[in-house]
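Peer 1: One file is attached below, final.txt, containing compact mmCIF, C-alpha atoms and all ligand atoms.
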```txt
# COMPACT_ATOMS: atom_id res chain seq x y z
CA MET M 77 94.07 113.25 91.26
CA THR M 78 91.89 116.17 90.29
CA GLN M 79 88.81 113.94 90.67
CA LEU M 80 89.88 113.05 94.21
CA GLU M 81 90.46 116.70 95.08
CA ARG M 82 87.13 117.66 93.55
CA ARG M 83 85.17 114.91 95.32
CA PHE M 84 86.68 115.46 98.78
CA ASP M 85 87.45 118.80 100.31
CA SER M 86 90.04 117.90 102.98
CA ARG M 87 88.81 120.75 105.20
CA VAL M 88 85.41 119.10 105.55
CA GLU M 89 84.98 116.24 107.98
CA LEU M 90 83.15 113.30 106.42
CA SER M 91 80.42 111.47 108.34
CA LEU M 92 80.76 107.75 109.01
CA ALA M 93 78.14 107.14 106.31
CA ASP M 94 80.27 109.14 103.83
CA LEU M 95 83.37 107.18 104.83
CA GLN M 96 81.49 103.89 104.43
CA SER M 97 80.39 104.89 100.95
CA VAL M 98 83.94 105.88 99.98
CA ALA M 99 85.29 102.63 101.44
CA GLU M 100 82.86 100.50 99.46
CA ASP M 101 83.77 102.31 96.23
CA LEU M 102 87.45 101.78 96.98
CA LEU M 103 86.88 98.10 97.75
CA LYS M 104 85.12 97.64 94.39
CA LEU M 105 88.02 99.36 92.66
CA CYS M 106 90.52 97.13 94.47
CA ARG M 107 88.66 93.96 93.43
CA GLY M 108 89.17 94.92 89.81
CA LEU M 109 92.90 95.53 90.15
CA ASP M 110 95.79 93.11 90.10
CA PHE M 111 98.23 94.74 92.50
CA GLY M 112 100.87 92.16 91.59
CA GLN M 113 101.01 93.68 88.09
CA LEU M 114 102.00 97.06 89.52
CA GLY M 115 105.36 95.57 90.45
CA LEU M 116 105.47 97.37 93.78
CA GLN M 117 107.92 96.05 96.33
CA GLU M 118 106.63 93.99 99.23
CA ALA M 119 108.13 94.74 102.65
CA GLY M 120 110.61 92.34 104.23
CA PRO M 121 110.57 91.44 107.94
CA GLY M 122 110.47 94.59 110.07
CA GLN M 123 110.30 96.84 107.01
CA GLU M 124 107.66 99.51 106.28
CA LEU M 125 107.14 100.66 102.68
CA LEU M 126 104.91 103.49 101.50
CA HIS M 127 104.08 103.50 97.78
CA LYS M 128 102.56 106.78 96.63
CA LEU M 129 99.76 105.95 94.18
CA ALA M 130 98.05 109.35 93.91
CA VAL M 131 99.31 112.17 96.12
CA SER M 132 97.79 115.64 96.02
CA SER M 133 100.45 118.31 95.61
CA LYS M 134 98.01 120.68 97.32
CA GLY M 135 97.89 118.45 100.42
CA GLY M 136 94.39 117.16 99.62
CA PRO M 137 93.05 113.58 99.51
CA SER M 138 95.77 111.07 98.65
CA ILE M 139 96.11 107.33 98.15
CA TYR M 140 99.03 105.17 99.23
CA LEU M 141 99.71 101.46 99.08
CA VAL M 142 101.35 100.49 102.35
CA SER M 143 103.35 97.30 102.73
CA ASP M 144 104.39 96.35 106.26
CA GLY M 145 106.59 93.32 106.87
CA PRO M 146 106.16 90.65 109.55
CA GLY M 147 106.84 92.05 113.01
CA VAL M 148 106.02 95.67 112.17
CA THR M 149 104.06 97.55 114.82
CA SER M 150 103.16 101.22 115.22
CA GLN M 151 102.61 103.13 118.42
CA PRO M 152 99.18 104.66 119.12
CA HIS M 153 98.62 107.65 116.85
CA GLU M 154 95.95 109.82 115.31
CA HIS M 155 95.93 111.00 111.70
CA LYS M 156 94.25 114.40 112.11
CA THR M 157 92.39 113.62 108.90
CA TRP M 158 89.88 110.97 107.95
CA ALA M 159 91.17 107.66 106.63
CA VAL M 160 89.80 104.69 104.74
CA ILE M 161 91.92 101.53 104.73
CA VAL M 162 91.28 98.53 102.50
CA GLY M 163 93.04 95.23 103.10
CA ILE M 164 94.54 93.72 99.95
CA ARG M 165 96.86 91.02 101.27
CA GLY M 166 98.12 89.91 104.68
CA CYS M 167 96.50 90.82 107.98
CA GLU M 168 96.97 93.72 110.35
CA ILE M 169 95.58 94.03 113.88
CA ASN M 170 94.27 97.51 114.61
CA THR M 171 93.93 98.36 118.28
CA ARG M 172 91.75 101.39 118.96
CA PHE M 173 92.37 103.69 121.92
CA GLN M 174 90.72 106.50 123.79
CA ARG M 175 92.30 109.24 125.87
CA VAL M 176 92.49 108.67 129.64
CA VAL M 177 91.15 112.19 130.12
CA LYS M 178 90.32 114.91 127.60
CA ASP M 179 93.45 116.36 125.94
CA SER M 180 95.67 113.73 127.62
CA ARG M 181 98.49 112.10 125.64
CA GLN M 182 97.89 108.94 127.69
CA VAL M 183 95.50 106.46 126.13
CA VAL M 184 93.83 103.17 126.97
CA ALA M 185 92.92 100.46 124.50
CA VAL M 186 89.26 100.00 123.71
CA ASP M 187 89.16 97.12 121.24
CA SER M 188 91.02 95.41 118.43
CA VAL M 189 89.90 94.58 114.92
CA SER M 190 91.77 92.68 112.24
CA VAL M 191 91.96 94.01 108.71
CA GLY M 192 92.72 91.32 106.16
CA ALA M 193 92.05 90.96 102.44
CA GLY M 194 88.75 92.56 101.44
CA GLN M 195 88.18 94.11 104.87
CA LEU M 196 87.77 97.80 105.64
CA LEU M 197 88.76 100.19 108.39
CA LEU M 198 87.23 103.66 108.65
CA MET M 199 88.83 106.31 110.85
CA ARG M 200 87.71 109.79 111.77
CA PRO M 201 90.36 112.48 112.27
CA SER M 202 90.57 112.25 116.07
CA GLU M 203 90.48 108.46 116.33
CA ILE M 204 93.59 106.81 117.76
CA HIS M 205 94.92 103.43 116.69
CA ALA M 206 98.02 101.26 116.75
CA THR M 207 98.79 98.57 114.22
CA SER M 208 100.56 95.23 114.31
CA VAL M 209 101.18 92.85 111.42
CA LEU M 210 99.71 89.43 112.16
CA GLY M 211 101.59 86.34 111.00
CA GLU M 212 104.44 85.91 108.55
CA GLN M 213 102.93 87.47 105.44
CA ALA M 214 103.75 91.08 104.58
CA THR M 215 100.69 93.28 104.17
CA PHE M 216 99.50 95.30 101.21
CA HIS M 217 96.84 97.76 102.40
CA LEU M 218 95.41 100.67 100.46
CA HIS M 219 95.19 103.88 102.51
CA LEU M 220 93.08 106.84 101.39
CA TYR M 221 93.60 109.88 103.62
CA GLY M 222 91.62 113.12 103.56
CA SER M 223 94.93 115.00 103.51
CA ALA M 224 98.26 114.00 101.99
CA LEU M 225 100.74 112.68 104.55
CA HIS M 226 103.21 115.46 103.73
CA ALA M 227 100.56 118.01 104.81
CA LEU M 228 99.99 116.44 108.25
CA PRO M 229 101.88 117.34 111.44
CA PRO M 230 104.98 115.13 111.99
CA PHE M 231 104.17 111.54 112.99
CA GLN M 232 105.77 111.78 116.45
CA SER M 233 103.58 114.76 117.34
CA ARG M 234 100.51 112.63 116.54
CA CYS M 235 101.56 109.78 118.86
CA PHE M 236 100.27 108.80 122.30
CA GLU M 237 101.48 106.81 125.26
CA ALA M 238 99.55 103.59 125.85
CA SER M 239 98.66 102.20 129.20
CA ALA M 240 100.00 98.64 128.75
CA ALA M 241 97.67 97.15 131.37
CA SER M 242 94.64 97.92 129.22
CA ASP M 243 95.83 96.53 125.90
CA PRO M 244 93.26 93.87 124.86
CA ALA M 245 95.77 92.34 122.46
CA GLY M 246 98.19 91.80 125.35
CA ARG M 247 100.95 93.81 123.67
CA SER M 248 103.05 96.19 125.70
FE FE M 301 97.48 105.02 111.23
```
Let me see whether you can do it: turn the structure in this file into structure tokens.

Peer 2:
Amino acid sequence: MTQLERRFDSRVELSLADLQSVAEDLLKLCRGLDFGQLGLQEAGPGQELLHKLAVSSKGGPSIYLVSDGPGVTSQPHEHKTWAVIVGIRGCEINTRFQRVVKDSRQVVAVDSVSVGAGQLLLMRPSEIHATSVLGEQATFHLHLYGSALHALPPFQSRCFEASAASDPAGRS
């Protein structure tokens, strides 16, 4: 935990190149781990589980293993901190959005990317995404955030309203 806090000052925004470097290190680490041996519960249908692997008590960089069950979706939201997500098992569709106008809480979808085993997603603090589990397999995805989730504003205050007509995935 101390190493994480020392390496990343959560007040400093990382560049995309920094995030890519962090993501590749995390992916290497994940390849050497057998997550099954950790005995962490996998989510059932419609269930969302957050396993805290290394959480900074000071609100700094923190790692979680997220398991989302089949059918789980999230509404468009921002994190207000940088994030690196590594797919371990299962597949999640990430739809990225942009604001209709500056400072608007209304957003339109820009594109969608899938994050499956061995794939990465990098997010800067102001980026907006929504997620949807693809298929019948629960996901296990590793999430490294620049700030611990308990130090972020409440989830609902970080959410946006999507314009359904623009969703490239066809979801409402
Ligand atoms: Fe998110």

Peer 1: Using only C-alpha atoms and all ligand atoms, find each residue of chain M with at least one atom at most 12 Å away from an atom of ligand FE 301 (chain M); report its shortest atom-to-atom pair and that distance in Å (one decimal), sort the rows by chain and rising residue number, and return the result as a tab-separated table.

Peer 2:
```
residue	atom	partner	partner_atom	distance
M:Val142	CA	M:FE301	FE	10.7
M:Thr149	CA	M:FE301	FE	10.6
M:Ser150	CA	M:FE301	FE	7.9
M:Gln151	CA	M:FE301	FE	9.0
M:Pro152	CA	M:FE301	FE	8.1
M:His153	CA	M:FE301	FE	6.3
M:Glu154	CA	M:FE301	FE	6.5
M:His155	CA	M:FE301	FE	6.2
M:Lys156	CA	M:FE301	FE	10.0
M:Thr157	CA	M:FE301	FE	10.3
M:Trp158	CA	M:FE301	FE	10.2
M:Ala159	CA	M:FE301	FE	8.2
M:Val160	CA	M:FE301	FE	10.1
M:Ile161	CA	M:FE301	FE	9.2
M:Glu168	CA	M:FE301	FE	11.3
M:Ile169	CA	M:FE301	FE	11.5
M:Asn170	CA	M:FE301	FE	8.8
M:Thr171	CA	M:FE301	FE	10.3
M:Arg172	CA	M:FE301	FE	10.3
M:Phe173	CA	M:FE301	FE	11.9
M:Leu197	CA	M:FE301	FE	10.4
M:Leu198	CA	M:FE301	FE	10.7
M:Met199	CA	M:FE301	FE	8.8
M:Arg200	CA	M:FE301	FE	10.9
M:Pro201	CA	M:FE301	FE	10.4
M:Ser202	CA	M:FE301	FE	11.1
M:Glu203	CA	M:FE301	FE	9.3
M:Ile204	CA	M:FE301	FE	7.8
M:His205	CA	M:FE301	FE	6.2
M:Ala206	CA	M:FE301	FE	6.7
M:Thr207	CA	M:FE301	FE	7.2
M:Ser208	CA	M:FE301	FE	10.7
M:His217	CA	M:FE301	FE	11.4
M:Leu218	CA	M:FE301	FE	11.8
M:His219	CA	M:FE301	FE	9.1
M:Leu220	CA	M:FE301	FE	10.9
M:Tyr221	CA	M:FE301	FE	9.8
M:Leu225	CA	M:FE301	FE	10.7
M:Phe231	CA	M:FE301	FE	9.5
M:Gln232	CA	M:FE301	FE	11.9
M:Arg234	CA	M:FE301	FE	9.8
M:Cys235	CA	M:FE301	FE	9.9
```

Peer 1: Padding 3 Å on every side, please: axis-aligned box over the listed atoms of range 126-145 of chain M, centre and edge lengths to one decimal in Å, as lines of an AutoDock Vina configuration file.

Peer 2:
```
center_x = 99.8
center_y = 107.0
center_z = 100.4
size_x = 19.5
size_y = 33.4
size_z = 19.0
```

Peer 1: Tell me which of M:Arg83, M:Pro230, M:Ser180, M:Ser239 sits closest to Ser138 in chain M, counting only C-alpha atoms.

Peer 2: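 Among the listed residues, the smallest separation from Ser138 in chain M belongs to M:Arg83.
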
Peer 1: Quick one: distance from CA of Gly112 in chain M to CA of Gly192 in chain M in Å, one decimal?

Peer 2: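 Computing the Euclidean distance for CA of Gly112 in chain M and CA of Gly192 in chain M yields 16.7 Å.
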
Peer 1: Can you pull out the residues contacting Arg107 in chain M? Cut-off 9 Å, using all atoms listed in the file, and skip same-chain residues under 4 positions away; I want them as a PyMOL selection string.

Peer 2: chain M and resi 102-103+164+194

Peer 1: For the atom pair CA of Leu141 in chain M and CA of Phe216 in chain M, what is the interatomic distance in Å to one decimal place?

Peer 2: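 Taking CA of Leu141 in chain M and CA of Phe216 in chain M, their separation equals 6.5 Å.
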
Peer 1: Calculate how many Å separate CA of Thr215 in chain M from CA of Val98 in chain M, rounding to one decimal.

Peer 2: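 CA of Val98 in chain M lies 21.4 Å from CA of Thr215 in chain M.
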
Peer 1: From (102.4, 110.5, 127.8), in the file's coordinates, out to 8 Å: which residues are reached, counting all atoms listed in the file? Answer as a PyMOL selection string.

Peer 2: chain M and resi 180-182+236-238

Peer 1: Kindly provide, as a list in words, the polymer residues lying within 10 Å of (89.4, 106.1, 130.2), counting only C-alpha atoms and using the coordinates exactly as they appear in the file.

Peer 2: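 Looking at atoms near the point gives Phe173, Gln174, Arg175, Val176, Val177, Lys178, Gln182, Val183, Val184, Ala185, Val186 and Ser242 of chain M.
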
Peer 1: Nearest to Gly211 in chain M: which of M:Pro146, M:Gly115, M:Gly163, M:Pro229 is it, counting only C-alpha atoms?

Peer 2: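 Under the stated criterion, the closest residue is M:Pro146.
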